Amino acid sequence: MQRQVVAPLELARPDITQLEVDLVSRVLQSGMLALGPMAHEFEADAARLAGRRYGVACSSGTAALHIAMLTMAVEPGAEVITTPFSFIASSNCILYAGGTPRFVDIEQETLGLDPTLVEEAASPATVGVVAVDVFGKPCRLDSIERLAAERGWWLVEDACEGIGSTLGGRALGSFGAVSTFAFYPNKQVTTGEGGILVTDDDGIAAHARSLRNQGRDEDGTWLRHVRLGFNYRLDELSAALGVAQLRRFEELSAKRRQVVAWYQEALDGVDWLTLPRTEPGTAVNWFVYVVRVAAPLDRDEVMAQLADMGVPSRPYFTPLHLQPYYRERFGYRPGDFPVTERVASETLALPFSTLLGADEVSRVADALRVAGRRTRIRAPA
Ligand SMILES: *Cc1c(COP(=O)(O)O)cnc(C)c1O
């Protein structure tokens, strides 16, 4: 009897074809592994996707955010409003630049900053906002952009999870003075490690290129450094991988949509789950597929049951203000941002990539149903 081999499920997996292999090989054979034409091509392609004039490719999304903060001239003592429901880099970048993150709670629909609370949190020390598009969903960028303009604050859009999504027909990555994308292997598009800052402002673009390149001037004179810079350049191998991925952007996005559609259908009617939703006026190129486990079922218990059945899953995110470093430095406590904390206690990221087939999605959905049945219901208080 032949044993059926079931491939292990993974939370995420990059989609690499012969095109990626060919373009990376071409760079290897060219001998030009850094400071070459691939990064320029990648910058132009990524900027075009966001409807921006300039792209400045960086060695990670975090590096792009760090540079973004420096181009906004964050001074010590300045407060920057941002969300506690995010990946750590969107808040750390404010600290790198000497500013102080001022967390504001989220809306439960968009999972992004609540514009009303942003307005209330403003203080004379507020200089800007870092707004984050979470899971690929646009936050209320139109309202936040308007508010920032009224108050004379700058806006940086952390679109590191949002490439290919739109709000009111406008691409994510096109809001505020500067936006960033990230290309870690689990993102919609990968370069291995990598990120990019996109902007329409030629002064910001020139400043960012200098900061990325050891503080060299625009002319790039090798041993002349006009400011304190960094080595945050994207190498040519990574850029080639990115060029190939962006050539396949429509195909990759269509596959993600298909996998989401399979999940939505397979999980329809599971009454203890809230499925991801697309808000009116938005189109979402999902970064992760995250469901919410409704009380009284316990998310961690469901996760443990899934793990027993060989299905990986992950809580997503753990609130930033409750990270040990932030608690110690700023004295945050549980209860400070209740919407963020409630959402964070319910989220469950399921295996999601363009390489998942319909049968694998059914396998996850079946396991989730079983996990729900097996999960002990927490006794109501
Ligand atoms: C991925 C991501 C980043 C950047 O991460 P890197 O690993 O440095 O590329 C920044 N912000 C958010 C919200 C992210 O998801």
# chains A, B, ... in the order shown; residues from 1 in each chain; ligands from 1
>>> residues_around(residues="Leu350 of chain A", least_positions_apart="4", cutoff="12 Å", atoms="only C-alpha atoms", output="mmCIF file with all heavy atoms, in the first residue's frame")
data_model
loop_
_atom_site.group_PDB
_atom_site.id
_atom_site.type_symbol
_atom_site.label_atom_id
_atom_site.label_comp_id
_atom_site.auth_asym_id
_atom_site.auth_seq_id
_atom_site.Cartn_x
_atom_site.Cartn_y
_atom_site.Cartn_z
ATOM 1 N N LEU A 9 2.563 21.898 6.618
ATOM 2 C CA LEU A 9 2.073 23.251 6.361
ATOM 3 C C LEU A 9 3.048 24.264 6.955
ATOM 4 O O LEU A 9 3.628 24.019 8.011
ATOM 5 C CB LEU A 9 0.701 23.429 7.004
ATOM 6 C CG LEU A 9 -0.451 22.730 6.293
ATOM 7 C CD1 LEU A 9 -1.623 22.545 7.249
ATOM 8 C CD2 LEU A 9 -0.872 23.504 5.057
ATOM 9 N N GLU A 10 3.218 25.380 6.279
ATOM 10 C CA GLU A 10 4.076 26.441 6.788
ATOM 11 C C GLU A 10 3.240 27.712 6.917
ATOM 12 O O GLU A 10 2.297 27.912 6.161
ATOM 13 C CB GLU A 10 5.219 26.715 5.809
ATOM 14 C CG GLU A 10 6.162 25.541 5.656
ATOM 15 C CD GLU A 10 7.075 25.704 4.445
ATOM 16 O OE1 GLU A 10 6.570 25.628 3.306
ATOM 17 O OE2 GLU A 10 8.264 25.925 4.653
ATOM 18 N N LEU A 11 3.633 28.567 7.848
ATOM 19 C CA LEU A 11 2.896 29.826 8.013
ATOM 20 C C LEU A 11 3.027 30.703 6.776
ATOM 21 O O LEU A 11 2.080 31.365 6.378
ATOM 22 C CB LEU A 11 3.426 30.587 9.229
ATOM 23 C CG LEU A 11 2.674 30.365 10.527
ATOM 24 C CD1 LEU A 11 3.333 31.161 11.645
ATOM 25 C CD2 LEU A 11 1.200 30.766 10.402
ATOM 26 N N ALA A 12 4.223 30.718 6.192
ATOM 27 C CA ALA A 12 4.445 31.539 4.996
ATOM 28 C C ALA A 12 5.566 30.904 4.193
ATOM 29 O O ALA A 12 6.389 30.162 4.746
ATOM 30 C CB ALA A 12 4.842 32.958 5.395
ATOM 31 N N VAL A 259 -6.325 32.387 -2.691
ATOM 32 C CA VAL A 259 -6.186 31.656 -1.427
ATOM 33 C C VAL A 259 -7.117 32.257 -0.367
ATOM 34 O O VAL A 259 -7.762 31.530 0.389
ATOM 35 C CB VAL A 259 -4.710 31.621 -0.959
ATOM 36 C CG1 VAL A 259 -4.592 30.954 0.403
ATOM 37 C CG2 VAL A 259 -3.838 30.900 -1.986
ATOM 38 N N VAL A 260 -7.215 33.598 -0.346
ATOM 39 C CA VAL A 260 -8.131 34.245 0.598
ATOM 40 C C VAL A 260 -9.570 33.800 0.302
ATOM 41 O O VAL A 260 -10.324 33.459 1.222
ATOM 42 C CB VAL A 260 -8.011 35.785 0.528
ATOM 43 C CG1 VAL A 260 -9.149 36.462 1.283
ATOM 44 C CG2 VAL A 260 -6.666 36.229 1.110
ATOM 45 N N TYR A 263 -10.189 30.376 1.671
ATOM 46 C CA TYR A 263 -10.332 30.415 3.125
ATOM 47 C C TYR A 263 -11.712 30.953 3.529
ATOM 48 O O TYR A 263 -12.386 30.390 4.403
ATOM 49 C CB TYR A 263 -9.259 31.318 3.747
ATOM 50 C CG TYR A 263 -8.045 30.595 4.285
ATOM 51 C CD1 TYR A 263 -6.762 30.957 3.881
ATOM 52 C CD2 TYR A 263 -8.172 29.582 5.232
ATOM 53 C CE1 TYR A 263 -5.630 30.313 4.382
ATOM 54 C CE2 TYR A 263 -7.042 28.929 5.743
ATOM 55 C CZ TYR A 263 -5.782 29.302 5.317
ATOM 56 O OH TYR A 263 -4.681 28.665 5.820
ATOM 57 N N LEU A 267 -14.310 28.652 5.645
ATOM 58 C CA LEU A 267 -14.559 28.979 7.056
ATOM 59 C C LEU A 267 -15.897 29.679 7.276
ATOM 60 O O LEU A 267 -16.244 30.037 8.398
ATOM 61 C CB LEU A 267 -13.424 29.854 7.609
ATOM 62 C CG LEU A 267 -12.056 29.163 7.680
ATOM 63 C CD1 LEU A 267 -10.981 30.156 8.075
ATOM 64 C CD2 LEU A 267 -12.091 27.985 8.658
ATOM 65 N N LEU A 275 -13.934 36.401 10.403
ATOM 66 C CA LEU A 275 -13.030 36.323 9.254
ATOM 67 C C LEU A 275 -12.564 37.718 8.865
ATOM 68 O O LEU A 275 -13.248 38.712 9.139
ATOM 69 C CB LEU A 275 -13.746 35.653 8.081
ATOM 70 C CG LEU A 275 -14.315 34.256 8.373
ATOM 71 C CD1 LEU A 275 -14.872 33.635 7.089
ATOM 72 C CD2 LEU A 275 -13.265 33.345 8.994
ATOM 73 N N PRO A 276 -11.381 37.829 8.211
ATOM 74 C CA PRO A 276 -10.907 39.154 7.780
ATOM 75 C C PRO A 276 -11.891 39.790 6.811
ATOM 76 O O PRO A 276 -12.498 39.096 5.985
ATOM 77 C CB PRO A 276 -9.571 38.855 7.102
ATOM 78 C CG PRO A 276 -9.506 37.392 6.915
ATOM 79 C CD PRO A 276 -10.444 36.756 7.874
ATOM 80 N N PHE A 287 -1.530 40.550 3.324
ATOM 81 C CA PHE A 287 -0.168 40.144 3.701
ATOM 82 C C PHE A 287 -0.228 38.841 4.488
ATOM 83 O O PHE A 287 0.573 37.929 4.283
ATOM 84 C CB PHE A 287 0.469 41.273 4.524
ATOM 85 C CG PHE A 287 1.619 40.853 5.393
ATOM 86 C CD1 PHE A 287 2.684 40.121 4.862
ATOM 87 C CD2 PHE A 287 1.658 41.192 6.735
ATOM 88 C CE1 PHE A 287 3.743 39.730 5.669
ATOM 89 C CE2 PHE A 287 2.714 40.801 7.538
ATOM 90 C CZ PHE A 287 3.760 40.067 7.009
ATOM 91 N N VAL A 288 -1.201 38.760 5.404
ATOM 92 C CA VAL A 288 -1.384 37.561 6.226
ATOM 93 C C VAL A 288 -2.881 37.273 6.262
ATOM 94 O O VAL A 288 -3.697 38.172 6.043
ATOM 95 C CB VAL A 288 -0.877 37.783 7.675
ATOM 96 C CG1 VAL A 288 0.626 37.575 7.763
ATOM 97 C CG2 VAL A 288 -1.260 39.157 8.199
ATOM 98 N N TYR A 289 -3.219 36.032 6.535
ATOM 99 C CA TYR A 289 -4.631 35.693 6.701
ATOM 100 C C TYR A 289 -4.860 35.474 8.192
ATOM 101 O O TYR A 289 -4.418 34.473 8.769
ATOM 102 C CB TYR A 289 -5.012 34.448 5.891
ATOM 103 C CG TYR A 289 -6.501 34.191 5.927
ATOM 104 C CD1 TYR A 289 -7.363 34.912 5.099
ATOM 105 C CD2 TYR A 289 -7.041 33.273 6.823
ATOM 106 C CE1 TYR A 289 -8.732 34.707 5.161
ATOM 107 C CE2 TYR A 289 -8.411 33.069 6.886
ATOM 108 C CZ TYR A 289 -9.251 33.792 6.052
ATOM 109 O OH TYR A 289 -10.603 33.607 6.119
ATOM 110 N N VAL A 290 -5.533 36.447 8.817
ATOM 111 C CA VAL A 290 -5.697 36.451 10.271
ATOM 112 C C VAL A 290 -7.178 36.397 10.625
ATOM 113 O O VAL A 290 -7.947 37.284 10.236
ATOM 114 C CB VAL A 290 -5.060 37.720 10.890
ATOM 115 C CG1 VAL A 290 -5.283 37.757 12.394
ATOM 116 C CG2 VAL A 290 -3.571 37.772 10.586
ATOM 117 N N VAL A 291 -7.564 35.352 11.356
ATOM 118 C CA VAL A 291 -8.937 35.263 11.846
ATOM 119 C C VAL A 291 -8.938 35.670 13.318
ATOM 120 O O VAL A 291 -7.890 35.726 13.948
ATOM 121 C CB VAL A 291 -9.493 33.829 11.706
ATOM 122 C CG1 VAL A 291 -9.616 33.446 10.239
ATOM 123 C CG2 VAL A 291 -8.628 32.826 12.461
ATOM 124 N N ARG A 292 -10.122 35.980 13.835
ATOM 125 C CA ARG A 292 -10.228 36.283 15.264
ATOM 126 C C ARG A 292 -11.113 35.266 15.941
ATOM 127 O O ARG A 292 -12.185 34.930 15.450
ATOM 128 C CB ARG A 292 -10.754 37.703 15.458
ATOM 129 C CG ARG A 292 -9.648 38.728 15.211
ATOM 130 C CD ARG A 292 -10.168 40.108 15.087
ATOM 131 N NE ARG A 292 -10.887 40.547 16.275
ATOM 132 C CZ ARG A 292 -11.537 41.708 16.340
ATOM 133 N NH1 ARG A 292 -11.562 42.525 15.302
ATOM 134 N NH2 ARG A 292 -12.158 42.040 17.435
ATOM 135 N N VAL A 293 -10.611 34.751 17.061
ATOM 136 C CA VAL A 293 -11.321 33.741 17.838
ATOM 137 C C VAL A 293 -12.167 34.475 18.877
ATOM 138 O O VAL A 293 -11.625 35.163 19.737
ATOM 139 C CB VAL A 293 -10.323 32.801 18.538
ATOM 140 C CG1 VAL A 293 -11.059 31.797 19.411
ATOM 141 C CG2 VAL A 293 -9.444 32.095 17.506
ATOM 142 N N VAL A 302 -6.989 27.166 21.142
ATOM 143 C CA VAL A 302 -7.226 26.793 19.735
ATOM 144 C C VAL A 302 -5.884 26.600 19.027
ATOM 145 O O VAL A 302 -5.683 25.637 18.276
ATOM 146 C CB VAL A 302 -8.075 27.876 19.017
ATOM 147 C CG1 VAL A 302 -8.152 27.597 17.517
ATOM 148 C CG2 VAL A 302 -9.484 27.936 19.617
ATOM 149 N N MET A 303 -4.945 27.512 19.314
ATOM 150 C CA MET A 303 -3.618 27.432 18.711
ATOM 151 C C MET A 303 -2.911 26.128 19.089
ATOM 152 O O MET A 303 -2.295 25.476 18.244
ATOM 153 C CB MET A 303 -2.788 28.611 19.211
ATOM 154 C CG MET A 303 -2.069 29.332 18.129
ATOM 155 S SD MET A 303 -1.285 30.820 18.799
ATOM 156 C CE MET A 303 0.006 30.101 19.736
ATOM 157 N N LEU A 306 -4.471 23.275 17.220
ATOM 158 C CA LEU A 306 -4.026 23.272 15.821
ATOM 159 C C LEU A 306 -2.622 22.696 15.720
ATOM 160 O O LEU A 306 -2.327 21.885 14.824
ATOM 161 C CB LEU A 306 -4.039 24.705 15.257
ATOM 162 C CG LEU A 306 -5.397 25.293 14.892
ATOM 163 C CD1 LEU A 306 -5.230 26.746 14.442
ATOM 164 C CD2 LEU A 306 -6.064 24.477 13.786
ATOM 165 N N ALA A 307 -1.752 23.104 16.639
ATOM 166 C CA ALA A 307 -0.361 22.615 16.619
ATOM 167 C C ALA A 307 -0.332 21.086 16.744
ATOM 168 O O ALA A 307 0.437 20.410 16.053
ATOM 169 C CB ALA A 307 0.444 23.268 17.733
ATOM 170 N N GLY A 310 -0.713 19.499 13.557
ATOM 171 C CA GLY A 310 0.311 19.832 12.557
ATOM 172 C C GLY A 310 0.014 21.103 11.778
ATOM 173 O O GLY A 310 0.550 21.305 10.689
ATOM 174 N N VAL A 311 -0.856 21.961 12.323
ATOM 175 C CA VAL A 311 -1.174 23.215 11.631
ATOM 176 C C VAL A 311 -0.554 24.383 12.401
ATOM 177 O O VAL A 311 -0.979 24.689 13.510
ATOM 178 C CB VAL A 311 -2.703 23.421 11.510
ATOM 179 C CG1 VAL A 311 -3.026 24.773 10.881
ATOM 180 C CG2 VAL A 311 -3.328 22.291 10.707
ATOM 181 N N PRO A 312 0.459 25.027 11.811
ATOM 182 C CA PRO A 312 1.078 26.145 12.512
ATOM 183 C C PRO A 312 0.166 27.373 12.475
ATOM 184 O O PRO A 312 -0.578 27.584 11.516
ATOM 185 C CB PRO A 312 2.355 26.416 11.708
ATOM 186 C CG PRO A 312 2.075 25.899 10.337
ATOM 187 C CD PRO A 312 1.059 24.783 10.488
ATOM 188 N N SER A 313 0.196 28.157 13.534
ATOM 189 C CA SER A 313 -0.557 29.413 13.570
ATOM 190 C C SER A 313 0.167 30.314 14.561
ATOM 191 O O SER A 313 1.056 29.856 15.273
ATOM 192 C CB SER A 313 -2.002 29.168 14.014
ATOM 193 O OG SER A 313 -2.040 28.649 15.332
ATOM 194 N N ARG A 314 -0.212 31.595 14.590
ATOM 195 C CA ARG A 314 0.542 32.520 15.424
ATOM 196 C C ARG A 314 -0.343 33.677 15.853
ATOM 197 O O ARG A 314 -1.146 34.158 15.062
ATOM 198 C CB ARG A 314 1.715 33.052 14.596
ATOM 199 C CG ARG A 314 2.681 33.893 15.389
ATOM 200 C CD ARG A 314 3.851 34.343 14.541
ATOM 201 N NE ARG A 314 4.803 33.276 14.272
ATOM 202 C CZ ARG A 314 5.767 33.350 13.350
ATOM 203 N NH1 ARG A 314 5.872 34.421 12.605
ATOM 204 N NH2 ARG A 314 6.594 32.350 13.178
ATOM 205 N N PRO A 315 -0.194 34.131 17.117
ATOM 206 C CA PRO A 315 -0.899 35.342 17.524
ATOM 207 C C PRO A 315 -0.298 36.509 16.771
ATOM 208 O O PRO A 315 0.919 36.527 16.553
ATOM 209 C CB PRO A 315 -0.585 35.490 19.016
ATOM 210 C CG PRO A 315 0.334 34.397 19.384
ATOM 211 C CD PRO A 315 0.704 33.618 18.172
ATOM 212 N N TYR A 316 -1.107 37.479 16.367
ATOM 213 C CA TYR A 316 -0.556 38.518 15.510
ATOM 214 C C TYR A 316 -1.356 39.797 15.661
ATOM 215 O O TYR A 316 -2.513 39.806 15.306
ATOM 216 C CB TYR A 316 -0.602 38.020 14.073
ATOM 217 C CG TYR A 316 0.403 38.664 13.190
ATOM 218 C CD1 TYR A 316 1.751 38.320 13.278
ATOM 219 C CD2 TYR A 316 0.036 39.639 12.292
ATOM 220 C CE1 TYR A 316 2.686 38.929 12.470
ATOM 221 C CE2 TYR A 316 0.965 40.247 11.488
ATOM 222 C CZ TYR A 316 2.291 39.882 11.574
ATOM 223 O OH TYR A 316 3.214 40.486 10.790
ATOM 224 N N LEU A 356 -0.155 27.818 -1.430
ATOM 225 C CA LEU A 356 -1.167 26.938 -0.825
ATOM 226 C C LEU A 356 -2.185 26.525 -1.885
ATOM 227 O O LEU A 356 -2.623 27.348 -2.683
ATOM 228 C CB LEU A 356 -1.918 27.663 0.286
ATOM 229 C CG LEU A 356 -1.274 27.777 1.671
ATOM 230 C CD1 LEU A 356 -2.294 28.319 2.649
ATOM 231 C CD2 LEU A 356 -0.727 26.447 2.149
ATOM 232 N N GLU A 360 -5.075 22.171 0.727
ATOM 233 C CA GLU A 360 -4.398 22.546 1.976
ATOM 234 C C GLU A 360 -5.243 23.521 2.787
ATOM 235 O O GLU A 360 -5.296 23.446 4.020
ATOM 236 C CB GLU A 360 -3.020 23.144 1.674
ATOM 237 C CG GLU A 360 -2.037 22.070 1.249
ATOM 238 C CD GLU A 360 -0.818 22.637 0.578
ATOM 239 O OE1 GLU A 360 -0.988 23.433 -0.387
ATOM 240 O OE2 GLU A 360 0.292 22.308 0.998
ATOM 241 N N VAL A 361 -5.911 24.417 2.082
ATOM 242 C CA VAL A 361 -6.802 25.350 2.779
ATOM 243 C C VAL A 361 -7.928 24.568 3.466
ATOM 244 O O VAL A 361 -8.268 24.835 4.624
ATOM 245 C CB VAL A 361 -7.363 26.414 1.807
ATOM 246 C CG1 VAL A 361 -8.470 27.226 2.461
ATOM 247 C CG2 VAL A 361 -6.239 27.335 1.324
ATOM 248 N N ARG A 363 -7.728 21.545 4.532
ATOM 249 C CA ARG A 363 -7.124 20.840 5.662
ATOM 250 C C ARG A 363 -7.050 21.763 6.875
ATOM 251 O O ARG A 363 -7.364 21.361 7.993
ATOM 252 C CB ARG A 363 -5.711 20.395 5.260
ATOM 253 C CG ARG A 363 -5.291 19.089 5.859
ATOM 254 C CD ARG A 363 -3.896 18.719 5.376
ATOM 255 N NE ARG A 363 -2.936 18.813 6.455
ATOM 256 C CZ ARG A 363 -1.631 18.941 6.275
ATOM 257 N NH1 ARG A 363 -1.136 19.043 5.057
ATOM 258 N NH2 ARG A 363 -0.831 18.970 7.313
ATOM 259 N N VAL A 364 -6.630 23.009 6.654
ATOM 260 C CA VAL A 364 -6.542 23.973 7.760
ATOM 261 C C VAL A 364 -7.941 24.242 8.320
ATOM 262 O O VAL A 364 -8.151 24.254 9.542
ATOM 263 C CB VAL A 364 -5.883 25.292 7.307
ATOM 264 C CG1 VAL A 364 -5.908 26.326 8.438
ATOM 265 C CG2 VAL A 364 -4.444 25.051 6.846
ATOM 266 N N ALA A 365 -8.923 24.421 7.419
ATOM 267 C CA ALA A 365 -10.282 24.731 7.854
ATOM 268 C C ALA A 365 -10.865 23.579 8.674
ATOM 269 O O ALA A 365 -11.492 23.794 9.717
ATOM 270 C CB ALA A 365 -11.166 25.046 6.646
ATOM 271 N N ALA A 367 -9.159 21.340 10.385
ATOM 272 C CA ALA A 367 -8.442 21.302 11.667
ATOM 273 C C ALA A 367 -8.989 22.382 12.612
ATOM 274 O O ALA A 367 -9.143 22.156 13.815
ATOM 275 C CB ALA A 367 -6.947 21.504 11.437
ATOM 276 N N LEU A 368 -9.301 23.520 12.052
ATOM 277 C CA LEU A 368 -9.820 24.621 12.870
ATOM 278 C C LEU A 368 -11.182 24.247 13.474
ATOM 279 O O LEU A 368 -11.454 24.528 14.652
ATOM 280 C CB LEU A 368 -9.928 25.870 11.988
ATOM 281 C CG LEU A 368 -9.814 27.240 12.625
ATOM 282 C CD1 LEU A 368 -8.644 27.347 13.588
ATOM 283 C CD2 LEU A 368 -9.652 28.287 11.525
#
>>> residues_near_ligand(ligand="ligand 1", cutoff="7 Å", atoms="only C-alpha atoms and all ligand atoms", output="ChimeraX atom specification")
/A:60-63,86-90,132-134,158-161,182-184,193-195
>>> closest_residue(among="A:Val339, A:Ile67, A:Val130, A:Ala73", to="Gln214 of chain A", atoms="only C-alpha atoms")
A:Ile67
>>> select_by_dssp(residues="segment 1-199 of chain A", states="strand (DSSP E)", output="mmCIF file with C-alpha atoms, in the first residue's frame")
data_model
loop_
_atom_site.group_PDB
_atom_site.id
_atom_site.type_symbol
_atom_site.label_atom_id
_atom_site.label_comp_id
_atom_site.auth_asym_id
_atom_site.auth_seq_id
_atom_site.Cartn_x
_atom_site.Cartn_y
_atom_site.Cartn_z
ATOM 1 C CA TYR A 54 11.159 58.361 -6.207
ATOM 2 C CA GLY A 55 12.168 55.110 -4.560
ATOM 3 C CA VAL A 56 15.178 54.666 -2.288
ATOM 4 C CA ALA A 57 15.873 50.952 -1.793
ATOM 5 C CA CYS A 58 17.220 49.955 1.612
ATOM 6 C CA GLU A 79 6.392 63.284 20.120
ATOM 7 C CA VAL A 80 5.278 61.147 17.231
ATOM 8 C CA ILE A 81 1.796 59.639 17.324
ATOM 9 C CA THR A 82 1.670 55.985 16.321
ATOM 10 C CA THR A 100 9.127 59.610 21.683
ATOM 11 C CA PRO A 101 6.328 57.387 20.376
ATOM 12 C CA ARG A 102 2.931 58.473 21.640
ATOM 13 C CA PHE A 103 0.662 55.465 21.288
ATOM 14 C CA THR A 126 3.527 66.467 18.562
ATOM 15 C CA VAL A 127 5.445 66.782 15.285
ATOM 16 C CA GLY A 128 4.172 63.912 13.193
ATOM 17 C CA VAL A 129 2.320 60.629 12.775
ATOM 18 C CA VAL A 130 3.509 57.168 11.756
ATOM 19 C CA ALA A 131 0.387 55.397 10.464
ATOM 20 C CA VAL A 132 0.579 51.640 9.835
ATOM 21 C CA TRP A 154 4.184 65.359 8.886
ATOM 22 C CA LEU A 155 2.761 61.928 8.052
ATOM 23 C CA VAL A 156 4.838 58.829 7.359
ATOM 24 C CA GLU A 157 2.916 55.815 6.112
ATOM 25 C CA ASP A 158 4.350 52.464 7.183
ATOM 26 C CA THR A 166 -5.759 50.746 -2.239
ATOM 27 C CA LEU A 167 -7.898 53.237 -0.330
ATOM 28 C CA ARG A 170 -5.261 55.470 -4.187
ATOM 29 C CA ALA A 171 -2.353 53.045 -3.761
ATOM 30 C CA VAL A 178 7.083 59.398 2.810
ATOM 31 C CA SER A 179 5.900 55.782 2.774
ATOM 32 C CA THR A 180 7.816 52.557 3.231
ATOM 33 C CA PHE A 181 7.487 48.998 1.937
ATOM 34 C CA ALA A 182 9.270 45.903 3.260
ATOM 35 C CA GLY A 195 12.830 47.585 2.040
ATOM 36 C CA ILE A 196 12.206 50.853 0.269
ATOM 37 C CA LEU A 197 11.289 54.437 1.044
ATOM 38 C CA VAL A 198 9.067 56.115 -1.556
ATOM 39 C CA THR A 199 8.321 59.827 -1.866
#
>>> select_by_dssp(residues="segment 180-266 of chain A", states="helix (DSSP H, G or I)", output="ChimeraX atom specification")
/A:202-212,236-247,249-266
>>> atom_distance(atom1="atom CA of Met38 of chain A", atom2="atom CA of Leu237 of chain A")
8.1 Å
>>> closest_atom_pairs(of="segment 191-254 of chain A", to="segment 40-44 of chain A", cutoff="12 Å", atoms="only C-alpha atoms", output="JSON lines")
{"residue": "A:Thr191", "atom": "CA", "partner": "A:Phe42", "partner_atom": "CA", "distance": 10.0}
{"residue": "A:Gly194", "atom": "CA", "partner": "A:Phe42", "partner_atom": "CA", "distance": 11.2}
{"residue": "A:Gly195", "atom": "CA", "partner": "A:Glu43", "partner_atom": "CA", "distance": 10.0}
{"residue": "A:Ile196", "atom": "CA", "partner": "A:Glu43", "partner_atom": "CA", "distance": 7.6}
{"residue": "A:Leu197", "atom": "CA", "partner": "A:Glu43", "partner_atom": "CA", "distance": 9.0}
{"residue": "A:Val198", "atom": "CA", "partner": "A:Glu43", "partner_atom": "CA", "distance": 8.5}
{"residue": "A:Thr199", "atom": "CA", "partner": "A:Glu43", "partner_atom": "CA", "distance": 11.2}
{"residue": "A:Ala205", "atom": "CA", "partner": "A:Glu43", "partner_atom": "CA", "distance": 11.4}
{"residue": "A:Arg209", "atom": "CA", "partner": "A:Glu43", "partner_atom": "CA", "distance": 11.5}
{"residue": "A:Arg233", "atom": "CA", "partner": "A:His40", "partner_atom": "CA", "distance": 11.5}
{"residue": "A:Leu234", "atom": "CA", "partner": "A:Phe42", "partner_atom": "CA", "distance": 10.0}
{"residue": "A:Asp235", "atom": "CA", "partner": "A:His40", "partner_atom": "CA", "distance": 10.9}
{"residue": "A:Glu236", "atom": "CA", "partner": "A:His40", "partner_atom": "CA", "distance": 9.5}
{"residue": "A:Leu237", "atom": "CA", "partner": "A:Phe42", "partner_atom": "CA", "distance": 11.2}
{"residue": "A:Ser238", "atom": "CA", "partner": "A:Phe42", "partner_atom": "CA", "distance": 9.6}
{"residue": "A:Ala239", "atom": "CA", "partner": "A:Phe42", "partner_atom": "CA", "distance": 6.0}
{"residue": "A:Ala240", "atom": "CA", "partner": "A:Phe42", "partner_atom": "CA", "distance": 7.5}
{"residue": "A:Leu241", "atom": "CA", "partner": "A:Phe42", "partner_atom": "CA", "distance": 9.1}
{"residue": "A:Gly242", "atom": "CA", "partner": "A:Phe42", "partner_atom": "CA", "distance": 6.4}
{"residue": "A:Val243", "atom": "CA", "partner": "A:Phe42", "partner_atom": "CA", "distance": 5.2}
{"residue": "A:Ala244", "atom": "CA", "partner": "A:Phe42", "partner_atom": "CA", "distance": 9.0}
{"residue": "A:Gln245", "atom": "CA", "partner": "A:Phe42", "partner_atom": "CA", "distance": 9.8}
{"residue": "A:Leu246", "atom": "CA", "partner": "A:Phe42", "partner_atom": "CA", "distance": 8.1}
{"residue": "A:Arg247", "atom": "CA", "partner": "A:Phe42", "partner_atom": "CA", "distance": 10.0}
>>> write_last_selection(atoms="C-alpha atoms", output="short mmCIF file (atom, residue, chain, number, x, y, z; two decimals), in the first residue's frame")
data_model
loop_
_atom_site.label_atom_id
_atom_site.label_comp_id
_atom_site.auth_asym_id
_atom_site.auth_seq_id
_atom_site.Cartn_x
_atom_site.Cartn_y
_atom_site.Cartn_z
CA THR A 191 14.02 40.54 -1.84
CA GLY A 194 15.06 44.55 1.96
CA GLY A 195 12.83 47.58 2.04
CA ILE A 196 12.21 50.85 0.27
CA LEU A 197 11.29 54.44 1.04
CA VAL A 198 9.07 56.12 -1.56
CA THR A 199 8.32 59.83 -1.87
CA ALA A 205 14.78 61.46 -1.86
CA ARG A 209 19.97 58.36 -0.65
CA ARG A 233 22.07 49.94 0.78
CA LEU A 234 20.22 47.08 -0.94
CA ASP A 235 22.67 44.73 -2.72
CA GLU A 236 22.23 43.79 -6.38
CA LEU A 237 21.30 40.14 -5.73
CA SER A 238 18.41 41.19 -3.51
CA ALA A 239 17.37 43.88 -5.98
CA ALA A 240 17.32 41.33 -8.83
CA LEU A 241 15.06 39.09 -6.79
CA GLY A 242 12.79 42.09 -6.23
CA VAL A 243 12.74 43.02 -9.93
CA ALA A 244 11.62 39.49 -10.79
CA GLN A 245 8.95 39.51 -8.08
CA LEU A 246 7.57 42.86 -9.24
CA ARG A 247 7.38 41.57 -12.84
#
>>> residues_around(residues="Pro124 of chain A", least_positions_apart="5", cutoff="12 Å", atoms="only C-alpha atoms", output="compact mmCIF listing (two decimals) with N, CA and C atoms, in the first residue's frame")
# COMPACT_ATOMS: atom_id res chain seq x y z
N GLY A 77 12.87 64.92 22.26
CA GLY A 77 11.73 65.53 22.94
C GLY A 77 10.49 65.60 22.08
N ALA A 78 10.65 65.42 20.77
CA ALA A 78 9.48 65.48 19.88
C ALA A 78 8.63 64.23 20.07
N GLU A 79 7.31 64.42 20.02
CA GLU A 79 6.39 63.28 20.12
C GLU A 79 5.85 62.92 18.75
N VAL A 80 5.82 61.64 18.49
CA VAL A 80 5.28 61.15 17.23
C VAL A 80 4.14 60.18 17.57
N ARG A 151 -2.89 70.37 11.21
CA ARG A 151 -2.09 70.65 12.41
C ARG A 151 -0.63 70.98 12.11
N GLY A 152 -0.24 70.87 10.84
CA GLY A 152 1.16 71.12 10.50
C GLY A 152 2.10 70.00 10.91
N TRP A 153 1.56 68.77 11.03
CA TRP A 153 2.41 67.61 11.32
C TRP A 153 2.77 66.94 10.00
>>> residues_around(residues="Asp300 of chain A", least_positions_apart="5", cutoff="9 Å", atoms="only C-alpha atoms", output="list in words")
Gln305, Pro315, Ser345, Glu346 and Leu348 of chain A
>>> write_last_selection(atoms="C-alpha atoms", output="compact mmCIF listing (two decimals), in the first residue's frame")
# COMPACT_ATOMS: atom_id res chain seq x y z
CA GLN A 305 -5.02 22.22 19.33
CA PRO A 315 -0.90 35.34 17.52
CA SER A 345 -5.84 38.48 22.36
CA GLU A 346 -8.16 37.14 19.64
CA LEU A 348 -4.77 33.93 14.89
